[in-house]
Protein chains: 2
Amino acid sequence: MVRRASHRQRRATYRRRARPRAFPPDHGPPEAGPVNSATHSGIREAIRDRIVAGEWKLGELIPGEVEFAEEYGCSRTTVNRALQALAEEGIVERKRKGGTRVRPLPARQAQVNIPILREQVEGGGQEYAHRVLRREQRKPPAALRERMRLGTDQRCAFLESLHLADGKAFAFERRWVNLETVPEFSDADLAETSANEWLVRTVPFSRGEVALSASVADERLAELFGTAAGEALFTMDRTTWFGDRSVTDITLVYKPGYRLNFEI
Amino acid sequence: MVRRASHRQRRATYRRRARPRAFPPDHGPPEAGPVNSATHSGIREAIRDRIVAGEWKLGELIPGEVEFAEEYGCSRTTVNRALQALAEEGIVERKRKGGTRVRPLPARQAQVNIPILREQVEGGGQEYAHRVLRREQRKPPAALRERMRLGTDQRCAFLESLHLADGKAFAFERRWVNLETVPEFSDADLAETSANEWLVRTVPFSRGEVALSASVADERLAELFGTAAGEALFTMDRTTWFGDRSVTDITLVYKPGYRLNFEI
DNA sequence: GAGTGGTCTAGACCACGGT
DNA sequence: CCGTGGTCTAGACCACTCA
């Protein structure tokens, strides 16, 4: 007998109103206490804990919104919100009529922050600086023309710069900027703000395609970083778009030993 | 005169009810049409588009929930939901009494999928296989004992395996498994399912700390991958936790030229 | 056809934080 | 103080999909 009183209709929502709304709503030590349990975030955590604890098997159906609403003494709306959040987290899968199931193979996805270099360096307590090594207008190579969807003969700004942490090389950057999308870039003063910061302020909210890889330090990079050639360097390639127009393409080579950390 | 009728009270919610609820709710070509605009997702996209189009400057205050509700002819609740979503996306910042602002420096964060290797390989249309090269119980080195918070003298399963795509080496894996957290692992049959899959099924919903880096191929790795030593290899280190107990620590070295792609 | 999730609404109360 | 976001609720209707 799994479903008690299964003949009860949808309107069963919000019976058993035993919840004591009496105690102080959200005060108390900021990082203690089981969070007021009648809120969507509280219910979300409660259900997540139950799933993690193994109360239901992988792929198994968990109770419906109405049932949870009764159990936690709240409205279906609130449970709905909690379960939707868990679905976004990748913990459960939901289907109309099909109900809500624990995800068969939990999604392994992570929020990765791609910090602006200045913040990354300063966040580590070091002083940030950058140096433009080269800046000119050039015809981009064919591969890049394709990747950035440029017309033939279209010129781009080409830029090489070095990002420094406490005066030492932190990352090397090679950048192309589509001057058709951002013509003002030609006159940008890159002494104070780096090209990246300039672009972020000028063309905010652009999309980007990112690729992470490993590359070998050639002579020049080795010299810039003050190591031997042949080191393995963590590398990030990024092409940025504003709408359907390319903005910039950048190759960022981090210093030897750099690691990108995040939680999953 | 920015705020028309500013004396109007909170209850102003839901005036100007001009919304035509008449047209077909959600049918039509799956990837066309401006989404029914009176839904929270529709409003969210509409507002996002306006922000992206530059209607408000970086850091500028955008209208409040009530105002948007009037404009879009929906309830404040719906606008609230849309704006909360935009805040999660990193597009806006919200503060009580402070109102909602366009984020001064847009957050550059991305959802990265860390696929299970099998899915990654099969997703590329290749045939997946794996081979266990070594499997034994060992005392882990001190650095690892600390990272996994192991007691002295605690033994772990140690595993080296190779993941193959169409018979060719795709990634090399070195793994430690905390047998105190997962004693059953000693008896796991790793012929069919890889250690990773076995663990994912047995200890789902574990947290993990991930670090991405670049490393140099030594003789052995070069031989496994069939290349020259000295190649740069994309490397992922991951320590996995179930509650406060470590589950496994893994170093995954991808074949030369591997790139991890995602969108931002 | 029927059950489950998806969503909206009007109204309400609260919490935070600038003035 | 008081305006703004944060959240909850009861009720309602719809859409999807499984049987």
# chains A, B, ... in the order shown; residues from 1 in each chain; ligands from 1
>>> residues_around(residues="stretch 241-245 of chain A", least_positions_apart="2", cutoff="8 Å", atoms="only C-alpha atoms (C1' of nucleotides)", output="list of chain:residue names")
A:Met148, A:Arg149, A:Thr181, A:Val203, A:Phe205, A:Ser206, A:Arg207, A:Gly208, A:Thr239, A:Val247, A:Thr248
>>> interface_residues(of="chain B", to="chain C", cutoff="7 Å", atoms="only C-alpha atoms (C1' of nucleotides)", output="ChimeraX atom specification")
/B:75,96-97
>>> write_last_selection(atoms="all heavy atoms", output="tab-separated table (two decimals), in the first residue's frame")
chain	number	residue	atom	x	y	z
B	75	SER	N	1.36	39.32	-13.78
B	75	SER	CA	1.42	39.59	-12.35
B	75	SER	C	2.87	39.78	-11.90
B	75	SER	O	3.81	39.36	-12.57
B	75	SER	CB	0.82	38.43	-11.57
B	75	SER	OG	1.70	37.35	-11.58
B	96	ARG	N	17.17	43.97	-2.18
B	96	ARG	CA	15.94	44.52	-1.64
B	96	ARG	C	16.13	46.02	-1.47
B	96	ARG	O	17.19	46.46	-1.05
B	96	ARG	CB	15.65	43.90	-0.28
B	96	ARG	CG	15.19	42.47	-0.41
B	96	ARG	CD	15.15	41.79	0.93
B	96	ARG	NE	14.21	40.69	0.90
B	96	ARG	CZ	14.38	39.55	1.56
B	96	ARG	NH1	15.44	39.37	2.30
B	96	ARG	NH2	13.50	38.60	1.48
B	97	LYS	N	15.12	46.70	-1.72
B	97	LYS	CA	15.13	48.16	-1.63
B	97	LYS	C	16.08	48.79	-2.66
B	97	LYS	O	15.84	49.88	-3.15
B	97	LYS	CB	15.53	48.60	-0.20
B	97	LYS	CG	15.83	50.07	-0.06
B	97	LYS	CD	14.57	50.87	-0.18
B	97	LYS	CE	14.88	52.36	0.00
B	97	LYS	NZ	13.70	53.17	-0.11
>>> closest_atom_pairs(of="chain D", to="chain A", cutoff="12 Å", atoms="only C-alpha atoms (C1' of nucleotides)", output="tab-separated table")
residue	atom	partner	partner_atom	distance
D:DG6	C1'	A:Thr39	CA	10.5
D:DT7	C1'	A:Thr39	CA	7.5
D:DC8	C1'	A:Thr78	CA	7.4
D:DT9	C1'	A:Ser75	CA	6.4
D:DA10	C1'	A:Ser75	CA	8.1
D:DG11	C1'	A:Arg11	CA	8.8
D:DA12	C1'	A:Arg11	CA	10.7
D:DC14	C1'	A:Arg96	CA	11.7
D:DA15	C1'	A:Arg96	CA	8.3
D:DC16	C1'	A:Arg96	CA	5.7
D:DT17	C1'	A:Lys97	CA	5.8
D:DC18	C1'	A:Lys97	CA	6.8
D:DA19	C1'	A:Lys97	CA	10.7
>>> interface_residues(of="chain A", to="chain B", cutoff="7 Å", atoms="only C-alpha atoms", output="MDAnalysis selection string")
chainID A and resid 52 106 108:115 204:205 207:216 230:234 258:264
>>> residues_around(residues="A:Leu159", least_positions_apart="4", cutoff="10 Å", atoms="only C-alpha atoms (C1' of nucleotides)", output="ChimeraX atom specification")
/A:132-138,173-177,195,250
>>> select_by_dssp(residues="stretch 86-237 of chain B", states="alpha helix (DSSP H)", output="PyMOL selection string")
chain B and resi 86-89+117-123+142-147+195-202+219-225
>>> write_last_selection(atoms="N, CA and C atoms", output="tab-separated table (two decimals), in the first residue's frame")
chain	number	residue	atom	x	y	z
B	86	LEU	N	17.20	35.68	-14.33
B	86	LEU	CA	18.27	36.50	-14.91
B	86	LEU	C	19.39	36.73	-13.89
B	87	ALA	N	19.02	36.81	-12.63
B	87	ALA	CA	20.03	36.98	-11.60
B	87	ALA	C	20.89	35.72	-11.51
B	88	GLU	N	20.25	34.57	-11.60
B	88	GLU	CA	21.02	33.31	-11.58
B	88	GLU	C	21.94	33.20	-12.78
B	89	GLU	N	21.45	33.71	-13.89
B	89	GLU	CA	22.27	33.70	-15.09
B	89	GLU	C	23.47	34.62	-14.97
B	117	LEU	N	33.34	9.01	-19.55
B	117	LEU	CA	34.15	8.76	-20.74
B	117	LEU	C	33.42	7.94	-21.79
B	118	ARG	N	32.71	6.92	-21.31
B	118	ARG	CA	31.98	6.09	-22.27
B	118	ARG	C	31.06	6.94	-23.12
B	119	GLU	N	30.32	7.83	-22.47
B	119	GLU	CA	29.38	8.65	-23.24
B	119	GLU	C	30.10	9.61	-24.17
B	120	GLN	N	31.22	10.09	-23.69
B	120	GLN	CA	31.99	11.01	-24.51
B	120	GLN	C	32.46	10.34	-25.80
B	121	VAL	N	32.95	9.12	-25.64
B	121	VAL	CA	33.46	8.38	-26.80
B	121	VAL	C	32.32	7.98	-27.71
B	122	GLU	N	31.29	7.40	-27.11
B	122	GLU	CA	30.17	6.94	-27.94
B	122	GLU	C	29.44	8.11	-28.57
B	123	GLY	N	29.41	9.22	-27.89
B	123	GLY	CA	28.81	10.41	-28.46
B	123	GLY	C	29.54	10.87	-29.72
B	142	ALA	N	51.84	10.10	1.01
B	142	ALA	CA	51.43	11.05	2.04
B	142	ALA	C	50.55	12.18	1.47
B	143	ALA	N	50.95	12.71	0.33
B	143	ALA	CA	50.20	13.83	-0.24
B	143	ALA	C	48.75	13.44	-0.45
B	144	LEU	N	48.56	12.24	-0.94
B	144	LEU	CA	47.22	11.77	-1.22
B	144	LEU	C	46.45	11.50	0.07
B	145	ARG	N	47.17	10.95	1.06
B	145	ARG	CA	46.52	10.70	2.36
B	145	ARG	C	45.92	11.98	2.89
B	146	GLU	N	46.65	13.06	2.69
B	146	GLU	CA	46.14	14.33	3.19
B	146	GLU	C	44.96	14.80	2.35
B	147	ARG	N	45.13	14.72	1.06
B	147	ARG	CA	44.06	15.21	0.19
B	147	ARG	C	42.76	14.45	0.40
B	195	ALA	N	35.63	1.52	-13.65
B	195	ALA	CA	35.62	1.89	-12.24
B	195	ALA	C	34.76	3.13	-12.03
B	196	ASN	N	34.87	4.05	-12.95
B	196	ASN	CA	34.10	5.28	-12.81
B	196	ASN	C	32.60	5.00	-12.82
B	197	GLU	N	32.18	4.23	-13.79
B	197	GLU	CA	30.75	3.93	-13.86
B	197	GLU	C	30.29	3.15	-12.64
B	198	TRP	N	31.12	2.22	-12.21
B	198	TRP	CA	30.76	1.44	-11.03
B	198	TRP	C	30.55	2.38	-9.85
B	199	LEU	N	31.46	3.31	-9.67
B	199	LEU	CA	31.37	4.23	-8.53
B	199	LEU	C	30.17	5.17	-8.67
B	200	VAL	N	29.93	5.63	-9.88
B	200	VAL	CA	28.81	6.54	-10.08
B	200	VAL	C	27.49	5.87	-9.72
B	201	ARG	N	27.42	4.59	-10.04
B	201	ARG	CA	26.19	3.87	-9.71
B	201	ARG	C	26.09	3.54	-8.23
B	202	THR	N	27.22	3.31	-7.62
B	202	THR	CA	27.21	2.89	-6.23
B	202	THR	C	27.14	4.08	-5.29
B	219	GLU	N	57.72	8.79	-20.87
B	219	GLU	CA	57.95	7.67	-21.78
B	219	GLU	C	56.73	6.74	-21.84
B	220	ARG	N	56.26	6.43	-20.65
B	220	ARG	CA	55.20	5.44	-20.58
B	220	ARG	C	53.92	5.94	-21.23
B	221	LEU	N	53.53	7.15	-20.90
B	221	LEU	CA	52.33	7.71	-21.49
B	221	LEU	C	52.48	7.85	-23.00
B	222	ALA	N	53.66	8.28	-23.42
B	222	ALA	CA	53.90	8.41	-24.85
B	222	ALA	C	53.69	7.07	-25.54
B	223	GLU	N	54.16	6.04	-24.91
B	223	GLU	CA	54.02	4.72	-25.53
B	223	GLU	C	52.55	4.31	-25.57
B	224	LEU	N	51.84	4.56	-24.47
B	224	LEU	CA	50.42	4.20	-24.45
B	224	LEU	C	49.65	4.94	-25.52
B	225	PHE	N	49.98	6.19	-25.72
B	225	PHE	CA	49.24	6.99	-26.70
B	225	PHE	C	49.84	6.88	-28.10
>>> select_by_dssp(residues="stretch 26-212 of chain A", states="strand (DSSP E or B)", output="count of residues only")
53
>>> residues_around(residues="A:Val79", least_positions_apart="6", cutoff="8 Å", atoms="only C-alpha atoms (C1' of nucleotides)", output="list in words")
His40, Ile43, Arg44, Glu65, Phe68 and Ala69 of chain A
>>> write_last_selection(atoms="N, CA, C and O atoms", output="tab-separated table (two decimals), in the first residue's frame")
chain	number	residue	atom	x	y	z
A	40	HIS	N	10.77	27.08	-0.26
A	40	HIS	CA	11.13	26.21	-1.38
A	40	HIS	C	12.59	25.77	-1.28
A	40	HIS	O	12.90	24.63	-1.57
A	43	ILE	N	12.78	23.01	1.42
A	43	ILE	CA	12.22	21.76	0.95
A	43	ILE	C	13.14	21.13	-0.09
A	43	ILE	O	13.36	19.91	-0.10
A	44	ARG	N	13.69	21.99	-0.92
A	44	ARG	CA	14.63	21.49	-1.92
A	44	ARG	C	15.80	20.78	-1.26
A	44	ARG	O	16.18	19.68	-1.67
A	65	GLU	N	4.08	16.04	-6.46
A	65	GLU	CA	4.06	17.34	-5.80
A	65	GLU	C	3.01	17.40	-4.71
A	65	GLU	O	3.26	17.92	-3.62
A	68	PHE	N	4.23	15.49	-1.56
A	68	PHE	CA	5.23	16.25	-0.82
A	68	PHE	C	4.59	17.44	-0.11
A	68	PHE	O	4.94	17.78	1.01
A	69	ALA	N	3.65	18.08	-0.79
A	69	ALA	CA	3.01	19.26	-0.21
A	69	ALA	C	2.31	18.89	1.09
A	69	ALA	O	2.42	19.60	2.09
>>> atom_distance(atom1="atom CA of A:Val182", atom2="atom CA of A:Phe170")
27.1 Å
>>> decode(residues="chain D", atoms="C-alpha atoms (C1' of nucleotides)", output="compact mmCIF listing (two decimals), in the first residue's frame")
# COMPACT_ATOMS: atom_id res chain seq x y z
C1' DC D 1 10.29 54.98 7.59
C1' DC D 2 9.04 52.83 3.54
C1' DG D 3 10.01 50.93 -1.02
C1' DT D 4 11.82 46.92 -3.15
C1' DG D 5 12.56 42.15 -3.62
C1' DG D 6 11.48 37.27 -1.51
C1' DT D 7 8.21 34.10 -0.67
C1' DC D 8 3.88 31.67 0.29
C1' DT D 9 -0.95 30.26 -0.80
C1' DA D 10 -5.33 28.68 -2.77
C1' DG D 11 -7.18 28.02 -6.81
C1' DA D 12 -7.31 27.47 -11.59
C1' DC D 13 -6.33 25.98 -16.29
C1' DC D 14 -3.37 23.82 -19.52
C1' DA D 15 -0.20 20.40 -21.77
C1' DC D 16 1.91 16.45 -22.11
C1' DT D 17 2.09 11.61 -22.03
C1' DC D 18 1.13 7.07 -20.44
C1' DA D 19 -1.97 3.40 -20.41
